[in-house]
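Asker: Hey, dropping work.txt in here, compact mmCIF, C-alpha atoms:
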# COMPACT_ATOMS: atom_id res chain seq x y z
CA MET A 1 -7.68 -18.12 7.25
CA ALA A 2 -10.73 -15.86 7.21
CA ILE A 3 -9.17 -13.22 4.97
CA LYS A 4 -9.64 -14.37 1.39
CA ALA A 5 -8.59 -11.23 -0.49
CA ASP A 6 -5.09 -9.84 -1.05
CA PHE A 7 -5.38 -6.19 -2.03
CA HIS A 8 -1.74 -5.21 -2.52
CA MET A 9 0.15 -7.25 -5.12
CA HIS A 10 2.72 -6.53 -7.81
CA SER A 11 3.75 -8.41 -10.94
CA ASN A 12 6.39 -7.73 -13.54
CA ASN A 13 4.26 -4.81 -14.69
CA SER A 14 5.91 -3.01 -11.76
CA THR A 15 9.57 -1.97 -11.95
CA ASP A 16 10.52 -3.82 -8.77
CA SER A 17 8.98 -7.20 -9.64
CA LYS A 18 10.01 -9.92 -12.07
CA GLU A 19 7.07 -12.25 -11.39
CA PRO A 20 4.63 -12.91 -14.25
CA MET A 21 1.07 -12.00 -13.44
CA GLU A 22 -0.20 -15.46 -14.28
CA ASN A 23 2.14 -17.00 -11.70
CA MET A 24 0.72 -14.69 -9.05
CA ILE A 25 -2.83 -15.66 -9.95
CA SER A 26 -2.08 -19.39 -9.94
CA LYS A 27 -0.47 -19.16 -6.51
CA ALA A 28 -3.38 -17.16 -5.10
CA ILE A 29 -5.78 -19.86 -6.28
CA GLU A 30 -3.58 -22.53 -4.69
CA LEU A 31 -3.71 -20.61 -1.40
CA GLY A 32 -7.51 -20.55 -1.45
CA LEU A 33 -8.03 -16.83 -2.05
CA ASP A 34 -11.25 -15.83 -3.77
CA THR A 35 -10.22 -12.28 -4.77
CA ILE A 36 -6.95 -10.55 -5.57
CA CYS A 37 -6.23 -7.02 -6.70
CA PHE A 38 -3.08 -6.15 -8.56
CA THR A 39 -1.86 -2.71 -7.48
CA GLU A 40 1.02 -2.03 -9.84
CA HIS A 41 3.31 0.89 -9.06
CA HIS A 42 2.78 4.22 -10.78
CA ASP A 43 5.18 6.86 -9.46
CA ILE A 44 5.47 9.86 -11.73
CA ASP A 45 8.77 11.75 -11.53
CA PHE A 46 10.56 9.05 -9.58
CA PRO A 47 14.35 9.56 -9.47
CA LYS A 48 16.68 7.13 -11.20
CA LEU A 49 17.42 4.06 -9.10
CA PRO A 50 21.06 3.77 -7.93
CA GLU A 51 21.23 0.17 -9.16
CA ARG A 52 19.54 1.01 -12.49
CA GLU A 53 21.08 4.27 -13.66
CA ASP A 54 20.34 3.41 -17.28
CA GLU A 55 16.58 3.48 -16.68
CA GLU A 56 15.08 6.84 -17.53
CA ALA A 57 11.70 6.59 -15.79
CA PRO A 58 11.46 3.90 -13.11
CA PHE A 59 8.04 3.07 -11.68
CA LEU A 60 6.10 4.57 -14.58
CA LEU A 61 3.37 2.07 -15.34
CA ASN A 62 2.36 1.15 -18.88
CA THR A 63 -1.24 1.05 -17.79
CA ASP A 64 -2.70 0.05 -21.15
CA SER A 65 -0.42 -2.97 -21.45
CA TYR A 66 -1.07 -3.93 -17.82
CA LEU A 67 -4.85 -3.70 -18.25
CA TYR A 68 -4.79 -5.72 -21.49
CA GLU A 69 -2.89 -8.54 -19.79
CA LEU A 70 -5.08 -8.44 -16.70
CA LEU A 71 -8.34 -8.64 -18.63
CA GLY A 72 -7.16 -11.70 -20.54
CA LEU A 73 -6.13 -13.48 -17.36
CA ARG A 74 -9.27 -12.37 -15.53
CA ASN A 75 -11.34 -14.14 -18.16
CA LYS A 76 -9.09 -17.21 -18.17
CA TYR A 77 -9.39 -17.73 -14.41
CA ALA A 78 -12.91 -16.35 -13.89
CA ASP A 79 -14.21 -19.68 -12.56
CA SER A 80 -11.48 -19.84 -9.89
CA ILE A 81 -10.77 -16.32 -8.64
CA ASN A 82 -11.82 -12.68 -9.05
CA VAL A 83 -8.89 -10.68 -10.46
CA LEU A 84 -9.26 -6.92 -9.99
CA PHE A 85 -7.63 -3.89 -11.60
CA GLY A 86 -5.84 -1.67 -9.11
CA VAL A 87 -2.93 0.71 -8.90
CA GLU A 88 -0.60 2.05 -6.22
CA ILE A 89 -0.05 5.73 -6.94
CA GLY A 90 2.96 7.47 -5.44
CA ILE A 91 2.00 10.98 -4.34
CA GLN A 92 4.19 14.07 -4.51
CA PRO A 93 2.83 17.58 -3.85
CA HIS A 94 3.99 19.06 -7.17
CA LEU A 95 2.08 16.37 -9.10
CA ARG A 96 -1.41 17.48 -8.06
CA ARG A 97 -2.71 17.90 -11.61
CA GLU A 98 -0.96 14.91 -13.20
CA LEU A 99 -2.19 12.55 -10.50
CA ALA A 100 -5.75 13.83 -10.71
CA VAL A 101 -5.83 13.30 -14.48
CA TYR A 102 -4.27 9.83 -14.28
CA ALA A 103 -6.63 8.53 -11.58
CA LYS A 104 -9.63 9.52 -13.73
CA SER A 105 -8.21 8.07 -16.94
CA TYR A 106 -8.95 4.41 -16.17
CA ASP A 107 -11.81 2.49 -14.57
CA PHE A 108 -9.79 1.17 -11.66
CA ASP A 109 -11.40 -1.14 -9.13
CA PHE A 110 -9.12 0.14 -6.38
CA ILE A 111 -6.51 2.84 -5.80
CA ILE A 112 -3.87 2.85 -3.08
CA ALA A 113 -2.19 6.18 -2.40
CA SER A 114 1.32 5.89 -1.00
CA THR A 115 4.17 8.20 -0.03
CA HIS A 116 7.35 6.70 -1.46
CA LEU A 117 9.40 9.89 -1.77
CA VAL A 118 10.29 12.67 0.64
CA GLY A 119 11.71 15.72 -1.05
CA GLY A 120 12.50 13.53 -4.04
CA MET A 121 14.34 10.93 -1.95
CA ASP A 122 13.22 7.35 -1.32
CA PRO A 123 13.49 6.22 2.35
CA TYR A 124 14.34 2.78 0.98
CA TYR A 125 17.93 3.99 0.47
CA PRO A 126 20.45 4.73 3.27
CA SER A 127 21.18 8.15 1.77
CA PHE A 128 17.82 9.36 3.07
CA TYR A 129 19.04 8.90 6.66
CA GLU A 130 22.53 10.33 6.28
CA GLY A 131 23.37 13.19 8.63
CA ARG A 132 20.34 12.83 10.86
CA SER A 133 18.72 10.55 13.38
CA ASP A 134 16.03 8.05 12.55
CA GLU A 135 13.60 10.18 14.51
CA GLU A 136 14.34 13.23 12.38
CA ALA A 137 13.95 11.15 9.21
CA TYR A 138 10.71 9.56 10.40
CA ARG A 139 9.24 12.93 11.32
CA GLU A 140 10.12 14.34 7.93
CA TYR A 141 8.38 11.38 6.32
CA PHE A 142 5.18 11.88 8.30
CA LYS A 143 5.24 15.59 7.47
CA GLU A 144 5.45 14.66 3.78
CA VAL A 145 2.51 12.23 4.09
CA LEU A 146 0.29 15.00 5.41
CA GLU A 147 1.33 17.36 2.62
CA ASP A 148 0.64 14.63 0.06
CA LEU A 149 -2.86 14.09 1.42
CA LYS A 150 -3.59 17.79 0.95
CA VAL A 151 -3.06 17.56 -2.81
CA PHE A 152 -4.58 14.22 -3.81
CA ASN A 153 -7.86 12.65 -2.74
CA ASN A 154 -8.87 10.29 -5.56
CA PHE A 155 -7.90 7.08 -3.78
CA ASP A 156 -9.53 4.42 -1.61
CA VAL A 157 -6.96 3.65 1.08
CA PHE A 158 -3.62 5.07 2.13
CA GLY A 159 -0.89 2.44 1.89
CA HIS A 160 1.57 1.29 4.58
CA LEU A 161 1.20 4.52 6.52
CA ASP A 162 4.44 4.14 8.53
CA TYR A 163 6.41 2.71 5.59
CA VAL A 164 9.52 4.66 6.59
CA VAL A 165 10.21 2.55 9.68
CA ARG A 166 11.04 -0.43 7.47
CA TYR A 167 14.32 1.13 6.43
CA GLY A 168 15.78 3.23 9.25
CA ALA A 169 18.86 1.87 11.01
CA SER A 170 16.80 1.18 14.13
CA LYS A 171 13.70 0.13 12.14
CA ASP A 172 10.83 0.16 14.67
CA THR A 173 12.76 -0.73 17.84
CA ASP A 174 12.45 2.85 19.17
CA TYR A 175 9.29 3.71 17.26
CA SER A 176 5.75 3.99 18.59
CA TYR A 177 2.56 5.84 17.85
CA GLU A 178 2.86 7.68 21.18
CA LYS A 179 6.30 9.02 20.29
CA TYR A 180 5.07 10.40 16.96
CA LYS A 181 1.40 11.04 17.69
CA ASP A 182 1.82 14.78 17.20
CA CYS A 183 2.52 14.18 13.51
CA ILE A 184 0.51 10.96 13.02
CA ASP A 185 -2.82 12.20 14.44
CA PRO A 186 -3.17 14.94 11.79
CA ILE A 187 -2.64 12.28 9.11
CA ILE A 188 -5.36 10.05 10.55
CA GLU A 189 -7.69 13.02 10.89
CA LYS A 190 -7.05 14.02 7.28
CA ILE A 191 -7.76 10.49 6.01
CA LEU A 192 -11.03 10.50 7.93
CA GLU A 193 -11.90 13.98 6.64
CA LEU A 194 -11.43 12.63 3.10
CA GLU A 195 -13.61 9.61 4.02
CA LYS A 196 -10.85 7.21 2.98
CA GLY A 197 -9.46 4.04 4.50
CA ILE A 198 -6.07 2.70 5.45
CA GLU A 199 -4.24 -0.44 4.48
CA LEU A 200 -2.88 -3.06 6.86
CA ASN A 201 0.28 -4.17 5.08
CA THR A 202 1.88 -7.47 6.12
CA GLY A 203 5.05 -6.77 4.14
CA ALA A 204 6.47 -5.44 7.42
CA ILE A 205 7.09 -9.04 8.49
CA ARG A 206 9.74 -9.71 5.86
CA HIS A 207 11.40 -6.40 6.72
CA GLY A 208 11.95 -7.65 10.27
CA LEU A 209 9.58 -5.26 12.03
CA ARG A 210 7.94 -5.98 15.35
CA GLU A 211 4.55 -4.90 14.04
CA LEU A 212 2.72 -4.63 10.75
CA ASN A 213 2.39 -1.37 8.80
CA PRO A 214 0.86 0.59 10.35
CA CYS A 215 1.45 -0.38 13.97
CA MET A 216 -1.45 -1.44 16.18
CA ASP A 217 -1.75 1.85 18.03
CA ILE A 218 -2.27 3.72 14.76
CA LEU A 219 -5.02 1.27 13.85
CA LYS A 220 -6.58 1.68 17.28
CA ARG A 221 -6.50 5.46 16.97
CA TYR A 222 -8.07 5.30 13.51
CA ARG A 223 -10.83 3.08 14.89
CA GLU A 224 -11.28 5.28 17.96
CA LEU A 225 -11.85 8.30 15.72
CA GLY A 226 -14.49 6.44 13.71
CA GLY A 227 -12.45 4.79 10.96
CA GLU A 228 -13.86 1.56 9.56
CA ILE A 229 -12.23 1.01 6.14
CA VAL A 230 -9.22 -1.31 6.31
CA THR A 231 -7.95 -3.43 3.43
CA ILE A 232 -5.36 -6.18 3.82
CA GLY A 233 -2.36 -6.43 1.53
CA SER A 234 0.74 -8.58 1.46
CA ASP A 235 2.69 -6.17 -0.79
CA ALA A 236 3.90 -9.33 -2.53
CA HIS A 237 6.26 -8.86 -5.46
CA ASN A 238 6.54 -12.60 -6.06
CA THR A 239 4.51 -15.72 -5.33
CA GLU A 240 6.30 -16.47 -2.06
CA TYR A 241 4.63 -13.68 -0.14
CA ILE A 242 1.04 -13.72 -1.37
CA ALA A 243 -1.30 -13.59 1.66
CA SER A 244 1.73 -13.86 3.93
CA GLY A 245 0.87 -13.04 7.54
CA PHE A 246 -2.87 -12.82 6.97
CA ASP A 247 -3.76 -14.83 10.07
CA ARG A 248 -1.73 -12.36 12.10
CA ALA A 249 -3.39 -9.43 10.33
CA GLU A 250 -6.81 -10.77 11.21
CA GLN A 251 -5.91 -11.04 14.90
CA VAL A 252 -4.41 -7.54 14.90
CA LEU A 253 -7.62 -6.09 13.49
CA LEU A 254 -9.77 -7.94 16.00
CA ASP A 255 -7.52 -6.75 18.84
CA CYS A 256 -7.92 -3.18 17.57
CA GLY A 257 -11.70 -3.39 17.67
CA PHE A 258 -12.49 -4.03 14.01
CA LYS A 259 -15.18 -6.54 13.09
CA TYR A 260 -14.77 -6.35 9.32
CA TYR A 261 -12.13 -5.89 6.64
CA ALA A 262 -12.83 -4.20 3.32
CA THR A 263 -12.42 -5.03 -0.34
CA PHE A 264 -13.18 -2.80 -3.33
CA GLU A 265 -14.62 -3.39 -6.77
CA LYS A 266 -15.38 -0.54 -9.17
CA ARG A 267 -14.22 1.74 -6.33
CA ILE A 268 -17.07 0.57 -4.07
CA ALA A 269 -16.27 -0.92 -0.68
CA GLU A 270 -17.60 -4.26 0.48
CA TYR A 271 -17.17 -5.47 4.05
CA HIS A 272 -16.32 -8.98 5.22
CA ARG A 273 -16.60 -10.27 8.75
CA LEU A 274 -13.46 -11.16 10.65
CA GLY A 275 -13.18 -14.09 13.00
Could you express the structure from this file as structure tokens?
Answerer:
Amino acid sequence: MAIKADFHMHSNNSTDSKEPMENMISKAIELGLDTICFTEHHDIDFPKLPEREDEEAPFLLNTDSYLYELLGLRNKYADSINVLFGVEIGIQPHLRRELAVYAKSYDFDFIIASTHLVGGMDPYYPSFYEGRSDEEAYREYFKEVLEDLKVFNNFDVFGHLDYVVRYGASKDTDYSYEKYKDCIDPIIEKILELEKGIELNTGAIRHGLRELNPCMDILKRYRELGGEIVTIGSDAHNTEYIASGFDRAEQVLLDCGFKYYATFEKRIAEYHRLG
């Protein structure tokens, strides 16, 4: 496996993971990775989760506690692996100021920007799709992504760009870049205008999708328009999925015309040859 860096990982510092950070690090070392970046969730103003109604503020990250733990483990395992300090920030248009302040408040190595909510609703839940077709829901999601990118630019890559197709009733069986290019192209163009990258997320595999997130034709279009910055992330929330599907990710990138994948440290990109 040529890809030796997993740049999308969660531990029990994130609401939706129960895995201790040290377990994640130990497994990454066992798998032969040389760099990992924890990207714990921080979603301001996230609605209460249906299965956790007693929780007042899901997906709000205690960043100080997270950083304290990470620094201790970084030192402990420094001879075996490089452990980096990242975050996955959920964007919403009304949070322009709060997100800008937060992103500048810590010396992150890497920031993923993601759209997890559309009009305050999470596409993870079936209620998002009620009363409309998957196509209508997907188009609303892509419209939201573009609006999000207009209000927040302090990030390095945009995460799992077509995240919504994981959860529709039809998933990606009737989904393609060509079908949605009228709303996907403006997103790609905006990412390039901001001089940012995109993430290739292998979590799509465990959601039963035909392709990774985003699909190959989005990656090809990004490359065609001059995009070069692509990080690889498993979106692992436990040790089982660390670096899962990375051989496939490498081949996808090569097939799309990329020669390198990117990593970040202190918000500076470094490029690593594929193949």
Asker: Considering all atoms listed in the file, return as a list in words whatever protein or nucleic-acid residues lie within 12 Å of A:His94, sequence-local ones (same chain, fewer than 6 positions apart) excluded.
Answerer: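 What passes the distance filter is Ile44, Asp45, Ala100, Leu117, Val118, Gly119, Gly120, Glu144, Glu147, Asp148, Lys150, Val151 and Phe152 of chain A.
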Asker: What's the 12 Å shell around A:Ile205, counting only C-alpha atoms, without same-chain residues fewer than 5 positions away, as number ranges by chain?
Answerer: A: 166, 171-172, 200, 210-215, 234-236, 241, 243-246, 248-249
Asker: Name the closest residue to A:Ile198 among the candidates A:Ser114, A:Arg273, A:Tyr124, A:Asp247; distances are taken between atoms, counting only C-alpha atoms.
Answerer: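 Under the stated criterion, the closest residue is A:Ser114.
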Asker: Quick one: everything within 8 Å of stretch 3-12 of chain A, counting all atoms listed in the file, minus sequence neighbours fewer than 6 positions away in the same chain. Send it as a ChimeraX atom specification.
Answerer: /A:18-21,24,32-41,201,231-238,242-243,246-247,250,263,274
Asker: Between A:Asp109, A:Glu136, A:Glu178, A:Glu69, which residue has the minimum interatomic distance to A:Glu88, considering all atoms listed in the file?
Answerer: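 Using all atoms listed in the file, A:Glu88 sits closest to A:Asp109.
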Asker: Check the smallest atom-to-atom distance from each of A:Leu209, A:Thr15, A:Gly203, A:Tyr222 to A:Asp185 using all atoms listed in the file, then report the winner.
Answerer: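 Counting all atoms listed in the file, the residue closest to A:Asp185 is A:Tyr222.
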Asker: Find the spatial neighbours of A:Pro58, counting only C-alpha atoms, within a cut-off of 8 Å - ignore same-chain residues fewer than 6 positions away - and output them as a ChimeraX atom specification.
Answerer: /A:15,43,46-49
Asker: For C-alpha atoms, I'd like the residues from the last selection saved as a PDB file, in the frame of the given file.
Answerer:
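Final output, result.pdb:
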ATOM      1  CA  THR A  15       9.570  -1.970 -11.950  1.00  0.00           C
ATOM      2  CA  ASP A  43       5.180   6.860  -9.460  1.00  0.00           C
ATOM      3  CA  PHE A  46      10.560   9.050  -9.580  1.00  0.00           C
ATOM      4  CA  PRO A  47      14.350   9.560  -9.470  1.00  0.00           C
ATOM      5  CA  LYS A  48      16.680   7.130 -11.200  1.00  0.00           C
ATOM      6  CA  LEU A  49      17.420   4.060  -9.100  1.00  0.00           C
TER       7      LEU A  49
END
Asker: Under the rule that only C-alpha atoms are counted, which of A:Gly72, A:Gly197, A:Gly226, A:Gly131 is the nearest residue to A:Val157?
Answerer: A:Gly197
Asker: Kindly give the distance, in Å, that separates atom CA of A:Asp255 and atom CA of A:Val83, rounded to a single decimal.
Answerer: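 So the answer is 29.6 Å.
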Asker: Nearest to A:Asp134 among A:Tyr102, A:Tyr175, A:Tyr261, A:Phe155, with distances taken over only C-alpha atoms: which residue is it?
Answerer: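 Among the listed residues, A:Tyr175 lies closest to A:Asp134.
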Asker: Excluding same-chain residues fewer than 6 positions from A:Gly275, what lies within 8 Å of it counting all atoms listed in the file, as a list in words?
Answerer: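 That gives Ala2, Glu250, Leu254 and Lys259 of chain A.
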Asker: Using Å and a single decimal, report how far atom CA of A:Phe59 sits from atom CA of A:Lys196.
Answerer: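 Going from atom CA of A:Lys196 over to atom CA of A:Phe59, I get 24.3 Å.
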Asker: Kindly give the distance, in Å, that separates atom CA of A:Asn13 and atom CA of A:Tyr66, rounded to a single decimal.
Answerer: 6.2 Å
Asker: For each of A:Leu161, A:Ser80, A:Arg206, A:Leu61, take the minimum atom-to-atom distance to A:Leu219, counting all atoms listed in the file, then give the residue where this is smallest.
Answerer: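 Checking each of A:Leu161, A:Ser80, A:Arg206, A:Leu61 against A:Leu219, counting all atoms listed in the file, the winner is A:Leu161.
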